[in-house]
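Below: start_9.txt (compact mmCIF, C-alpha atoms and all ligand atoms)
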```txt
# COMPACT_ATOMS: atom_id res chain seq x y z
CA MET A 1 -4.61 -29.93 51.46
CA LYS A 2 -5.12 -27.69 48.40
CA LYS A 3 -2.90 -24.62 48.56
CA VAL A 4 -3.58 -21.27 46.96
CA VAL A 5 -2.19 -17.75 47.11
CA VAL A 6 -4.99 -15.16 47.20
CA GLY A 7 -4.37 -11.68 45.81
CA LEU A 8 -5.72 -9.29 48.45
CA SER A 9 -6.35 -5.64 47.60
CA GLY A 10 -8.00 -4.86 50.92
CA GLY A 11 -11.43 -4.69 49.25
CA VAL A 12 -14.54 -6.71 49.97
CA ASP A 13 -14.29 -8.96 46.88
CA SER A 14 -10.81 -10.32 47.47
CA SER A 15 -11.48 -10.63 51.22
CA THR A 16 -14.57 -12.71 50.52
CA ALA A 17 -12.77 -14.78 47.87
CA ALA A 18 -10.13 -15.60 50.51
CA ALA A 19 -12.73 -16.40 53.18
CA VAL A 20 -14.71 -18.65 50.81
CA LEU A 21 -11.60 -20.66 49.86
CA HIS A 22 -10.53 -20.85 53.50
CA HIS A 23 -14.01 -22.10 54.43
CA GLN A 24 -13.80 -24.73 51.65
CA GLY A 25 -10.66 -26.13 53.27
CA TYR A 26 -7.97 -24.55 51.12
CA ASP A 27 -4.66 -23.73 52.76
CA ILE A 28 -4.33 -20.06 51.82
CA VAL A 29 -1.67 -17.38 51.86
CA GLY A 30 -2.64 -13.72 51.35
CA LEU A 31 -0.52 -11.68 48.95
CA THR A 32 -0.76 -7.92 48.49
CA LEU A 33 1.15 -6.10 45.80
CA TRP A 34 2.18 -2.63 46.85
CA LEU A 35 1.66 -0.66 43.67
CA MET A 36 1.79 3.06 44.38
CA LYS A 37 1.59 5.88 46.83
CA GLY A 38 -1.61 7.82 47.35
CA LYS A 39 -5.03 7.12 48.81
CA GLY A 40 -7.07 3.94 48.63
CA GLN A 41 -6.46 0.39 47.51
CA CYS A 42 -3.10 -0.66 46.05
CA CYS A 43 -1.61 1.87 48.50
CA SER A 44 -0.80 1.49 52.20
CA GLU A 45 -4.49 1.67 53.16
CA GLY A 46 -5.24 -1.49 51.15
CA MET A 47 -2.26 -3.30 52.67
CA VAL A 48 -3.50 -2.62 56.20
CA ASP A 49 -7.01 -3.86 55.41
CA ALA A 50 -5.60 -6.95 53.70
CA ALA A 51 -3.40 -7.65 56.75
CA LYS A 52 -6.45 -7.42 59.02
CA ILE A 53 -8.28 -10.00 56.89
CA CYS A 54 -5.34 -12.41 57.09
CA GLU A 55 -5.16 -11.87 60.84
CA GLN A 56 -8.86 -12.59 61.10
CA LEU A 57 -8.60 -15.77 59.01
CA GLY A 58 -5.39 -16.80 60.81
CA VAL A 59 -3.38 -17.12 57.59
CA PRO A 60 0.01 -15.71 56.53
CA HIS A 61 0.16 -12.41 54.68
CA HIS A 62 2.90 -11.39 52.26
CA ILE A 63 3.45 -7.96 50.81
CA VAL A 64 5.51 -7.58 47.67
CA ASP A 65 6.84 -4.15 46.83
CA SER A 66 5.82 -3.86 43.16
CA ARG A 67 6.00 -0.09 42.85
CA GLU A 68 8.82 -0.16 40.33
CA LEU A 69 7.09 -2.75 38.17
CA PHE A 70 3.90 -0.68 38.28
CA GLU A 71 5.79 2.50 37.44
CA GLN A 72 7.50 0.90 34.43
CA ASN A 73 4.51 -0.99 33.08
CA ILE A 74 1.60 1.28 33.90
CA ILE A 75 2.64 4.86 34.69
CA ASP A 76 5.07 5.10 31.76
CA TYR A 77 2.56 3.39 29.44
CA LEU A 78 -0.20 5.82 30.44
CA VAL A 79 1.88 8.96 30.30
CA SER A 80 3.47 8.18 26.92
CA GLY A 81 0.06 7.16 25.53
CA TYR A 82 -1.68 10.36 26.60
CA ARG A 83 1.23 12.39 25.23
CA GLU A 84 0.70 10.75 21.83
CA GLY A 85 -3.04 11.51 21.86
CA ILE A 86 -4.34 8.03 22.72
CA THR A 87 -6.29 6.93 25.80
CA PRO A 88 -4.55 3.82 27.13
CA LEU A 89 -6.40 1.10 29.02
CA PRO A 90 -4.18 0.38 32.03
CA CYS A 91 -6.18 -2.42 33.69
CA SER A 92 -5.69 -5.30 31.27
CA GLN A 93 -1.99 -4.44 31.00
CA CYS A 94 -1.75 -4.27 34.80
CA ASN A 95 -3.49 -7.62 35.19
CA ARG A 96 -1.12 -9.38 32.81
CA ALA A 97 2.20 -7.69 33.52
CA VAL A 98 1.96 -6.51 37.13
CA LYS A 99 -0.57 -8.74 38.89
CA PHE A 100 -1.19 -12.26 37.54
CA GLY A 101 2.21 -13.09 36.02
CA PRO A 102 4.29 -11.82 38.96
CA MET A 103 1.85 -13.27 41.55
CA ILE A 104 2.11 -16.73 39.95
CA ASN A 105 5.90 -16.45 39.81
CA TYR A 106 6.02 -15.44 43.46
CA ALA A 107 3.59 -18.21 44.50
CA LYS A 108 5.59 -20.86 42.66
CA SER A 109 9.15 -19.77 43.32
CA GLU A 110 8.91 -18.28 46.82
CA LEU A 111 6.10 -20.33 48.34
CA GLY A 112 6.05 -23.55 46.30
CA ILE A 113 2.32 -23.03 45.61
CA ASP A 114 0.93 -23.66 42.12
CA TYR A 115 -2.30 -21.68 42.19
CA ILE A 116 -3.40 -18.12 42.73
CA ALA A 117 -6.92 -16.73 43.25
CA THR A 118 -8.37 -13.25 42.89
CA GLY A 119 -11.73 -11.65 43.61
CA HIS A 120 -12.40 -10.95 39.92
CA TYR A 121 -15.87 -11.65 38.61
CA ALA A 122 -15.21 -14.05 35.71
CA ARG A 123 -15.09 -17.82 35.23
CA ILE A 124 -12.49 -20.24 33.86
CA ALA A 125 -13.31 -23.66 32.36
CA PHE A 126 -11.10 -26.21 30.62
CA ASP A 127 -12.24 -27.49 27.21
CA GLU A 128 -11.00 -31.07 26.72
CA GLN A 129 -11.63 -31.02 23.00
CA SER A 130 -9.50 -27.99 22.14
CA GLY A 131 -7.16 -28.39 25.11
CA ARG A 132 -7.67 -24.68 25.91
CA TYR A 133 -8.75 -22.83 29.01
CA GLN A 134 -11.90 -20.83 28.36
CA LEU A 135 -12.50 -17.45 29.92
CA LEU A 136 -16.22 -16.93 30.58
CA LYS A 137 -18.27 -13.94 31.70
CA ALA A 138 -19.30 -13.89 35.36
CA ILE A 139 -22.78 -15.06 36.31
CA ASP A 140 -23.59 -11.52 37.52
CA PRO A 141 -23.70 -9.36 34.34
CA GLN A 142 -23.47 -6.13 36.36
CA LYS A 143 -20.12 -7.19 37.84
CA ASP A 144 -18.58 -9.14 34.95
CA GLN A 145 -14.87 -8.17 34.74
CA SER A 146 -13.81 -10.49 31.91
CA TYR A 147 -13.18 -7.43 29.68
CA PHE A 148 -10.12 -6.57 31.81
CA LEU A 149 -8.81 -10.14 31.68
CA TYR A 150 -8.63 -10.67 27.90
CA ASP A 151 -4.84 -10.48 27.90
CA LEU A 152 -4.23 -13.43 30.25
CA SER A 153 -2.28 -16.29 28.70
CA GLN A 154 -3.27 -19.96 28.76
CA GLU A 155 -0.47 -20.59 31.31
CA ILE A 156 -1.89 -17.94 33.63
CA LEU A 157 -5.47 -19.24 33.27
CA ALA A 158 -4.22 -22.76 34.08
CA SER A 159 -2.92 -21.55 37.46
CA THR A 160 -5.80 -19.22 38.41
CA LEU A 161 -9.04 -19.55 40.40
CA PHE A 162 -11.88 -17.00 40.43
CA PRO A 163 -13.93 -18.07 43.49
CA LEU A 164 -16.53 -15.31 42.90
CA GLY A 165 -17.28 -16.03 39.23
CA GLU A 166 -20.54 -17.78 40.09
CA THR A 167 -21.52 -15.38 42.87
CA PRO A 168 -23.83 -12.38 42.44
CA LYS A 169 -22.38 -9.26 44.08
CA THR A 170 -25.25 -9.07 46.60
CA GLU A 171 -24.33 -12.59 47.71
CA THR A 172 -20.67 -11.53 48.13
CA ARG A 173 -21.75 -8.78 50.54
CA ARG A 174 -23.97 -11.26 52.39
CA LEU A 175 -21.09 -13.76 52.66
CA ALA A 176 -18.69 -11.05 53.84
CA ALA A 177 -21.15 -10.14 56.62
CA GLU A 178 -21.68 -13.82 57.48
CA PHE A 179 -17.90 -14.34 57.76
CA ASN A 180 -17.77 -11.14 59.84
CA LEU A 181 -15.08 -9.69 57.59
CA THR A 182 -13.81 -6.27 58.59
CA THR A 183 -14.19 -5.21 54.95
CA ALA A 184 -17.88 -6.26 54.66
CA GLU A 185 -19.19 -2.69 54.60
CA LYS A 186 -16.36 -1.20 52.56
CA PRO A 187 -17.68 0.87 49.62
CA GLU A 188 -17.07 -0.28 46.04
CA SER A 189 -14.09 1.21 44.28
CA GLN A 190 -15.71 3.57 41.78
CA ASP A 191 -12.89 4.19 39.41
CA LEU A 192 -9.45 3.27 38.16
CA CYS A 193 -7.10 2.75 41.12
CA LEU A 194 -4.93 5.59 39.81
CA VAL A 195 -7.88 7.94 39.74
CA GLU A 196 -8.85 6.95 43.29
CA ALA A 197 -5.28 7.47 44.43
CA HIS A 198 -4.86 10.88 42.78
CA GLY A 199 -8.37 12.35 42.78
CA SER A 200 -8.75 12.44 38.98
CA MET A 201 -6.94 11.26 35.86
CA GLN A 202 -6.30 14.91 35.02
CA SER A 203 -4.49 15.65 38.27
CA PHE A 204 -2.48 12.43 37.90
CA LEU A 205 -1.43 13.30 34.32
CA ASP A 206 -0.71 16.95 35.15
CA GLN A 207 2.13 15.72 37.38
CA TYR A 208 3.85 14.27 34.32
CA ILE A 209 2.65 16.25 31.30
CA ASN A 210 2.98 20.03 31.03
CA GLN A 211 -0.13 21.97 30.14
CA LYS A 212 0.29 23.31 26.61
CA THR A 213 -2.38 25.55 25.12
CA GLY A 214 -3.45 24.72 21.56
CA ASP A 215 -6.30 24.99 19.08
CA ILE A 216 -9.58 23.12 18.94
CA VAL A 217 -10.34 22.84 15.22
CA ASP A 218 -12.99 21.32 12.96
CA GLN A 219 -12.05 18.72 10.36
CA GLY A 220 -11.42 21.48 7.82
CA GLY A 221 -8.85 23.05 10.17
CA LYS A 222 -11.03 26.04 11.22
CA VAL A 223 -10.19 27.18 14.76
CA LEU A 224 -13.22 26.91 17.08
CA GLY A 225 -11.60 27.32 20.48
CA GLN A 226 -8.60 26.65 22.71
CA HIS A 227 -7.53 23.73 24.89
CA GLN A 228 -5.05 23.38 27.76
CA GLY A 229 -3.39 20.14 26.62
CA ILE A 230 -4.52 17.27 24.36
CA HIS A 231 -4.04 14.80 27.24
CA HIS A 232 -7.20 16.21 28.80
CA TYR A 233 -9.31 14.84 25.92
CA THR A 234 -10.52 11.45 24.77
CA ILE A 235 -11.73 10.52 21.29
CA GLY A 236 -15.52 10.30 21.38
CA GLN A 237 -15.78 12.89 24.18
CA ARG A 238 -18.68 15.35 23.86
CA ARG A 239 -18.85 17.22 27.15
CA GLY A 240 -16.47 19.87 28.39
CA LEU A 241 -15.24 21.10 24.99
CA GLY A 242 -16.19 24.71 25.72
CA VAL A 243 -17.00 25.36 22.05
CA ALA A 244 -20.27 26.98 20.93
CA TYR A 245 -21.65 25.38 17.76
CA SER A 246 -25.02 24.82 16.10
CA GLU A 247 -24.98 21.08 16.87
CA PRO A 248 -23.22 18.84 19.42
CA LEU A 249 -19.53 18.32 18.70
CA TYR A 250 -17.38 15.30 19.51
CA VAL A 251 -13.63 14.86 19.70
CA VAL A 252 -12.80 12.86 16.56
CA ASP A 253 -8.99 13.01 16.66
CA LEU A 254 -6.06 14.27 18.75
CA ASP A 255 -3.03 15.57 16.90
CA PRO A 256 0.10 15.54 19.11
CA VAL A 257 2.35 17.00 16.41
CA MET A 258 0.27 20.14 15.83
CA ASN A 259 -1.03 20.06 19.44
CA ARG A 260 -4.63 20.20 18.17
CA VAL A 261 -7.94 18.72 19.28
CA ILE A 262 -10.06 17.93 16.20
CA VAL A 263 -13.83 17.96 16.64
CA GLY A 264 -16.66 16.88 14.37
CA THR A 265 -20.40 16.31 14.32
CA ARG A 266 -22.09 13.11 15.49
CA ASP A 267 -21.90 11.49 12.02
CA SER A 268 -18.13 11.89 11.80
CA ALA A 269 -17.68 10.52 15.33
CA ALA A 270 -19.04 7.06 14.37
CA ASP A 271 -16.74 4.37 12.96
CA PRO A 272 -17.82 1.43 10.81
CA GLU A 273 -14.55 -0.42 11.48
CA CYS A 274 -11.25 -0.40 13.33
CA THR A 275 -7.96 -2.25 13.47
CA VAL A 276 -6.84 -3.92 16.69
CA SER A 277 -3.27 -4.83 17.56
CA ARG A 278 -1.54 -6.84 20.30
CA VAL A 279 -4.34 -9.38 20.01
CA ASN A 280 -4.57 -12.22 22.50
CA TRP A 281 -6.75 -15.17 21.51
CA VAL A 282 -8.12 -16.74 24.67
CA SER A 283 -10.84 -19.39 24.44
CA ILE A 284 -10.09 -20.35 20.84
CA ALA A 285 -6.90 -20.76 18.82
CA PRO A 286 -6.21 -17.88 16.37
CA PRO A 287 -8.58 -18.48 13.42
CA ASP A 288 -7.34 -18.24 9.83
CA SER A 289 -10.56 -16.88 8.37
CA PRO A 290 -13.10 -14.24 9.53
CA ILE A 291 -15.40 -15.11 12.42
CA ARG A 292 -18.61 -13.58 13.71
CA ALA A 293 -18.71 -12.39 17.32
CA GLU A 294 -20.06 -9.67 19.63
CA VAL A 295 -17.56 -7.01 20.64
CA ARG A 296 -17.25 -4.68 23.59
CA ILE A 297 -15.28 -1.49 22.97
CA ARG A 298 -15.62 -0.24 26.54
CA TYR A 299 -15.93 -2.00 29.87
CA ARG A 300 -19.60 -1.22 30.39
CA SER A 301 -20.71 -1.15 26.74
CA GLN A 302 -23.27 -3.59 25.43
CA PRO A 303 -21.58 -6.16 23.13
CA VAL A 304 -22.45 -5.44 19.46
CA PRO A 305 -22.29 -7.76 16.40
CA VAL A 306 -19.02 -7.71 14.49
CA THR A 307 -16.97 -9.59 11.92
CA VAL A 308 -13.43 -10.23 13.14
CA VAL A 309 -10.98 -10.52 10.26
CA PRO A 310 -7.58 -11.97 11.23
CA LEU A 311 -4.50 -10.07 10.02
CA PRO A 312 -0.80 -10.99 10.28
CA GLU A 313 1.30 -10.04 13.32
CA ASN A 314 -1.31 -10.42 16.06
CA ARG A 315 -3.75 -7.94 14.60
CA VAL A 316 -7.36 -8.13 13.50
CA HIS A 317 -9.74 -5.88 11.62
CA LEU A 318 -13.16 -5.36 13.19
CA ARG A 319 -16.14 -4.65 10.89
CA PHE A 320 -19.06 -3.54 13.03
CA ASP A 321 -22.56 -4.36 11.73
CA GLU A 322 -23.53 -0.79 12.73
CA PRO A 323 -21.06 2.13 13.02
CA GLN A 324 -19.93 2.61 16.63
CA PHE A 325 -19.33 5.72 18.73
CA GLY A 326 -16.36 5.95 21.03
CA VAL A 327 -13.93 3.78 19.07
CA THR A 328 -11.08 5.10 21.19
CA PRO A 329 -7.46 4.36 20.22
CA GLY A 330 -5.60 2.77 23.13
CA GLN A 331 -8.73 1.24 24.67
CA GLY A 332 -9.51 -2.48 24.54
CA ALA A 333 -11.81 -4.22 22.07
CA VAL A 334 -12.85 -7.61 23.45
CA TRP A 335 -14.99 -10.06 21.47
CA TYR A 336 -17.23 -12.83 22.74
CA GLU A 337 -19.40 -15.69 21.57
CA GLY A 338 -22.18 -15.70 24.15
CA ASP A 339 -20.44 -16.04 27.51
CA ARG A 340 -17.10 -17.11 26.01
CA LEU A 341 -14.41 -14.47 25.67
CA LEU A 342 -12.74 -15.32 22.37
CA GLY A 343 -10.05 -12.67 22.25
CA GLY A 344 -9.17 -9.02 22.56
CA GLY A 345 -6.60 -6.36 21.83
CA ILE A 346 -5.93 -2.63 21.66
CA MET A 347 -7.70 -0.38 19.15
CA GLU A 348 -5.29 1.42 16.82
CA ARG A 349 -5.30 5.05 15.90
CA LYS A 350 -6.75 6.16 12.57
CA SER A 351 -6.29 9.76 11.48
CA LYS A 352 -9.48 11.64 10.67
CA VAL A 353 -8.03 14.91 9.46
N1 LIG B 1 -2.69 -4.67 45.08
C1 LIG B 1 -3.17 -5.90 44.90
N2 LIG B 1 -2.51 -6.98 45.38
C2 LIG B 1 -2.99 -8.23 45.19
N3 LIG B 1 -4.12 -8.51 44.54
C3 LIG B 1 -4.82 -7.48 44.04
C4 LIG B 1 -4.39 -6.14 44.18
N4 LIG B 1 -5.30 -5.33 43.59
C5 LIG B 1 -6.25 -6.14 43.08
N5 LIG B 1 -5.98 -7.43 43.35
C6 LIG B 1 -6.79 -8.62 42.98
O1 LIG B 1 -7.52 -8.32 41.80
C7 LIG B 1 -8.94 -8.40 42.05
C8 LIG B 1 -9.69 -7.34 41.27
O2 LIG B 1 -9.19 -6.10 41.62
P1 LIG B 1 -9.96 -4.75 41.35
O3 LIG B 1 -8.96 -3.68 41.54
O4 LIG B 1 -10.69 -4.87 40.09
O5 LIG B 1 -10.90 -4.61 42.60
P2 LIG B 1 -12.36 -4.98 43.01
O6 LIG B 1 -13.14 -5.68 41.95
O7 LIG B 1 -12.90 -3.75 43.61
O8 LIG B 1 -12.03 -6.09 44.13
P3 LIG B 1 -11.74 -5.86 45.67
O9 LIG B 1 -13.08 -5.56 46.28
O10 LIG B 1 -11.13 -7.13 46.14
O11 LIG B 1 -10.78 -4.69 45.74
C9 LIG B 1 -9.08 -8.24 43.55
O12 LIG B 1 -10.26 -8.88 44.00
C10 LIG B 1 -7.81 -8.90 44.06
O13 LIG B 1 -7.97 -10.31 44.19
```

Can the structure in the file be given as structure tokens, please?
Amino acid sequence: MKKVVVGLSGGVDSSTAAAVLHHQGYDIVGLTLWLMKGKGQCCSEGMVDAAKICEQLGVPHHIVDSRELFEQNIIDYLVSGYREGITPLPCSQCNRAVKFGPMINYAKSELGIDYIATGHYARIAFDEQSGRYQLLKAIDPQKDQSYFLYDLSQEILASTLFPLGETPKTETRRLAAEFNLTTAEKPESQDLCLVEAHGSMQSFLDQYINQKTGDIVDQGGKVLGQHQGIHHYTIGQRRGLGVAYSEPLYVVDLDPVMNRVIVGTRDSAADPECTVSRVNWVSIAPPDSPIRAEVRIRYRSQPVPVTVVPLPENRVHLRFDEPQFGVTPGQGAVWYEGDRLLGGGIMERKSKV
């Protein structure tokens, strides 16, 4: 009997992933990580729904209190990032440091099980020639979540199954109804788990960062307005600046030292290049010369052509074929060749004042 530990959030995707594996004859154990307090998944509500699914399937359910791990790896990372004027991407960090690694450790050491599965929409294949696990986009382009998985190591990919990678989302709903899962009608999570739990990113951050009024200035330093704290802004943001000007203005930089939000016109908000650090090469070994690829600089953005130039110390330089808007320090840049995710990392800050 093939054994696998399934990460259950209490949502429809992980419930269906568990039911599909169970139906295929796997011996499964449900595992829910308790990540935070608040409303929604990853909180007590998700644990209850996950327990109901395990009850329904007649399989064991484990809950691991991971609140401290989440606090150290995600809350602290977010709060210190926003304080410094960057917009951190918590999901890839959470996947690597809080979910996949610890779930595999728990499965192996506590349960003697070598594999985990999640309801992520992505695919894994092994390439005999290079001896590497390949991370591929999901079949359903609307649901593809590979962007958030770029930081998984080869060891993690070797121990992971994504049962929904070949399944369109509509089919997942149909399967959930067919298996009579109590989560079949559950609405999609619309946002970051932290945002769902706290209502908005702003109200979450306001618990940790004091509001501090400062100037909104143009790139020449001229004061155009006032803000209530730089952590309320994201580079590339256009709406909600509250500044009257002859043409649309964008946030082009955040200055934590002077507590200033720097705005500029559309031209100055586009970047022809950026540097990426903490790079993880996934489907290919780190190259020693530039490669061509298509890069995503946001989860939902269309991949655009780029030259990826390797640099020392796990960094790369990205040269976009066309200047890009919303090159946001702290967010992930993830590059692909067709369906294959080649690598990714975190975009660095570049001062524009
Ligand atoms: N707290 C958790 N404990 C265990 N596994 C989790 C947890 N949160 C998420 N996962 C796993 O990661 C996958 C992707 O999680 P994500 O938060 O992106 O939710 P999703 O795509 O809406 O999926 P779902 O419908 O299962 O919640 C889930 O399908 C699940 O397998």

Name the residues in contact with A:Gly332 at a cut-off of 9 Å, using only C-alpha atoms, excluding same-chain residues fewer than 3 positions from it; report them as a ChimeraX atom specification. /A:88-89,92,147-148,150,276,296-299,328-329,344-347

Against ligand LIG 1 (chain B), which residues of chain A fall within 7 Å? For each one I want the closest pair of atoms and the distance in Å (one decimal), counting only C-alpha atoms and all ligand atoms, rows by chain and increasing residue number, as JSON lines.
```
{"residue": "A:Val6", "atom": "CA", "partner": "B:LIG1", "partner_atom": "O13", "distance": 6.4}
{"residue": "A:Gly7", "atom": "CA", "partner": "B:LIG1", "partner_atom": "N3", "distance": 3.4}
{"residue": "A:Leu8", "atom": "CA", "partner": "B:LIG1", "partner_atom": "N3", "distance": 4.3}
{"residue": "A:Ser9", "atom": "CA", "partner": "B:LIG1", "partner_atom": "C4", "distance": 4.0}
{"residue": "A:Gly10", "atom": "CA", "partner": "B:LIG1", "partner_atom": "O11", "distance": 5.9}
{"residue": "A:Gly11", "atom": "CA", "partner": "B:LIG1", "partner_atom": "O9", "distance": 3.5}
{"residue": "A:Val12", "atom": "CA", "partner": "B:LIG1", "partner_atom": "O9", "distance": 4.1}
{"residue": "A:Asp13", "atom": "CA", "partner": "B:LIG1", "partner_atom": "O9", "distance": 3.7}
{"residue": "A:Ser14", "atom": "CA", "partner": "B:LIG1", "partner_atom": "O10", "distance": 3.5}
{"residue": "A:Ser15", "atom": "CA", "partner": "B:LIG1", "partner_atom": "O10", "distance": 6.2}
{"residue": "A:Leu31", "atom": "CA", "partner": "B:LIG1", "partner_atom": "C2", "distance": 5.7}
{"residue": "A:Thr32", "atom": "CA", "partner": "B:LIG1", "partner_atom": "N2", "distance": 3.7}
{"residue": "A:Leu33", "atom": "CA", "partner": "B:LIG1", "partner_atom": "N2", "distance": 3.8}
{"residue": "A:Trp34", "atom": "CA", "partner": "B:LIG1", "partner_atom": "N1", "distance": 5.6}
{"residue": "A:Leu35", "atom": "CA", "partner": "B:LIG1", "partner_atom": "N1", "distance": 6.1}
{"residue": "A:Gln41", "atom": "CA", "partner": "B:LIG1", "partner_atom": "N1", "distance": 6.8}
{"residue": "A:Cys42", "atom": "CA", "partner": "B:LIG1", "partner_atom": "N1", "distance": 4.1}
{"residue": "A:Lys99", "atom": "CA", "partner": "B:LIG1", "partner_atom": "N3", "distance": 6.7}
{"residue": "A:Ala117", "atom": "CA", "partner": "B:LIG1", "partner_atom": "O13", "distance": 6.6}
{"residue": "A:Thr118", "atom": "CA", "partner": "B:LIG1", "partner_atom": "O13", "distance": 3.2}
{"residue": "A:Gly119", "atom": "CA", "partner": "B:LIG1", "partner_atom": "O12", "distance": 3.2}
{"residue": "A:His120", "atom": "CA", "partner": "B:LIG1", "partner_atom": "C8", "distance": 4.7}
{"residue": "A:Glu188", "atom": "CA", "partner": "B:LIG1", "partner_atom": "O7", "distance": 5.9}
{"residue": "A:Ser189", "atom": "CA", "partner": "B:LIG1", "partner_atom": "O7", "distance": 5.1}
{"residue": "A:Cys193", "atom": "CA", "partner": "B:LIG1", "partner_atom": "O3", "distance": 6.7}
```

Please list, as a count of residues only, the residues that have an atom at most 7 Å away from (-6.9, -12.4, 23.2) in the coordinates of this file, counting only C-alpha atoms. 10

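The nearest approach to A:Gly264 among the residues A:Glu110, A:Glu247, A:Asp206, A:Glu55, with all atoms listed in the file taken into account, belongs to A:Glu247.
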
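For A:Asp144, the list of residues within 7 Å, based on only C-alpha atoms and with local chain neighbours fewer than 5 positions off taken out, reads A:Tyr121, A:Ala122, A:Lys137, A:Ala138.
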
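Rounded to one decimal, atom CA of A:Tyr26 and atom CA of A:Cys54 lie 13.8 Å from each other.
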
Would you compute the distance between atom CA of A:Tyr208 and atom CA of A:Glu348? Give it in Å to one decimal. 23.6 Å

Under the rule of at most 9 Å, produce a per-residue listing of stretch 222-316 of chain A near stretch 214-218 of chain A: chain, number, name, the closest pair of atoms, and the distance in Å, as CSV, using all atoms listed in the file.
```
residue,atom,partner,partner_atom,distance
A:Lys222,CA,A:Val217,CA,5.2
A:Val223,CA,A:Val217,CA,4.4
A:Leu224,CA,A:Val217,CA,5.3
A:Gly225,CA,A:Ile216,CA,4.9
A:Gln226,CA,A:Asp215,CA,4.6
A:His227,CA,A:Gly214,CA,5.4
A:Gln228,CA,A:Gly214,CA,6.5
A:Gly229,CA,A:Gly214,CA,6.8
A:Ile230,CA,A:Gly214,CA,8.0
A:Leu241,CA,A:Ile216,CA,8.5
A:Val243,CA,A:Ile216,CA,8.4
A:Met258,CA,A:Gly214,CA,8.2
A:Asn259,CA,A:Gly214,CA,5.7
A:Arg260,CA,A:Asp215,CA,5.2
A:Val261,CA,A:Ile216,CA,4.7
A:Ile262,CA,A:Val217,CA,5.0
A:Val263,CA,A:Asp218,CA,5.1
A:Gly264,CA,A:Asp218,CA,5.9
```

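Counting only C-alpha atoms, the residue from A:Ala18, A:Leu149, A:Ala97, A:Leu311 that sits nearest to A:Ala333 is A:Leu149.
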
Considering all atoms listed in the file, state which residue in the set A:Gly112, A:Ile291, A:Thr183, A:Gly81 is at the smallest distance from A:Val48. A:Thr183

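Residue nearest A:Pro163, chosen from A:Val257, A:Val79, A:Val5, A:Ala17 and counting all atoms listed in the file: A:Ala17.
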
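Distances from A:Gln331, A:Gln93, A:Gln129, A:Thr265 to A:Arg238 were compared using all atoms listed in the file, and the smallest one belongs to A:Thr265.
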
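One finds atom CA of A:Ala293 at 6.0 Å from atom CA of A:Trp335.
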
Selection near A:Arg266, 12 Å with all atoms listed in the file, sequence-local residues under 2 positions removed, as number ranges by chain: A: 236-238, 247-252, 263-264, 268-271, 323-326

Residues from the last selection, C-alpha atoms, saved as a tab-separated table (two decimals), keeping the file's coordinate frame:
```
chain	number	residue	atom	x	y	z
A	236	GLY	CA	-15.52	10.30	21.38
A	237	GLN	CA	-15.78	12.89	24.18
A	238	ARG	CA	-18.68	15.35	23.86
A	247	GLU	CA	-24.98	21.08	16.87
A	248	PRO	CA	-23.22	18.84	19.42
A	249	LEU	CA	-19.53	18.32	18.70
A	250	TYR	CA	-17.38	15.30	19.51
A	251	VAL	CA	-13.63	14.86	19.70
A	252	VAL	CA	-12.80	12.86	16.56
A	263	VAL	CA	-13.83	17.96	16.64
A	264	GLY	CA	-16.66	16.88	14.37
A	268	SER	CA	-18.13	11.89	11.80
A	269	ALA	CA	-17.68	10.52	15.33
A	270	ALA	CA	-19.04	7.06	14.37
A	271	ASP	CA	-16.74	4.37	12.96
A	323	PRO	CA	-21.06	2.13	13.02
A	324	GLN	CA	-19.93	2.61	16.63
A	325	PHE	CA	-19.33	5.72	18.73
A	326	GLY	CA	-16.36	5.95	21.03
```

Residues near stretch 312-320 of chain A, anyone? I mean within 7 Å using all atoms listed in the file, not counting same-chain ones fewer than 2 positions away, as a ChimeraX atom specification. /A:272-279,305-310,322-323

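With distances taken over all atoms listed in the file, A:Phe100 is the one residue among A:Phe100, A:Tyr336, A:Phe204, A:Tyr106 lying closest to A:Leu157.
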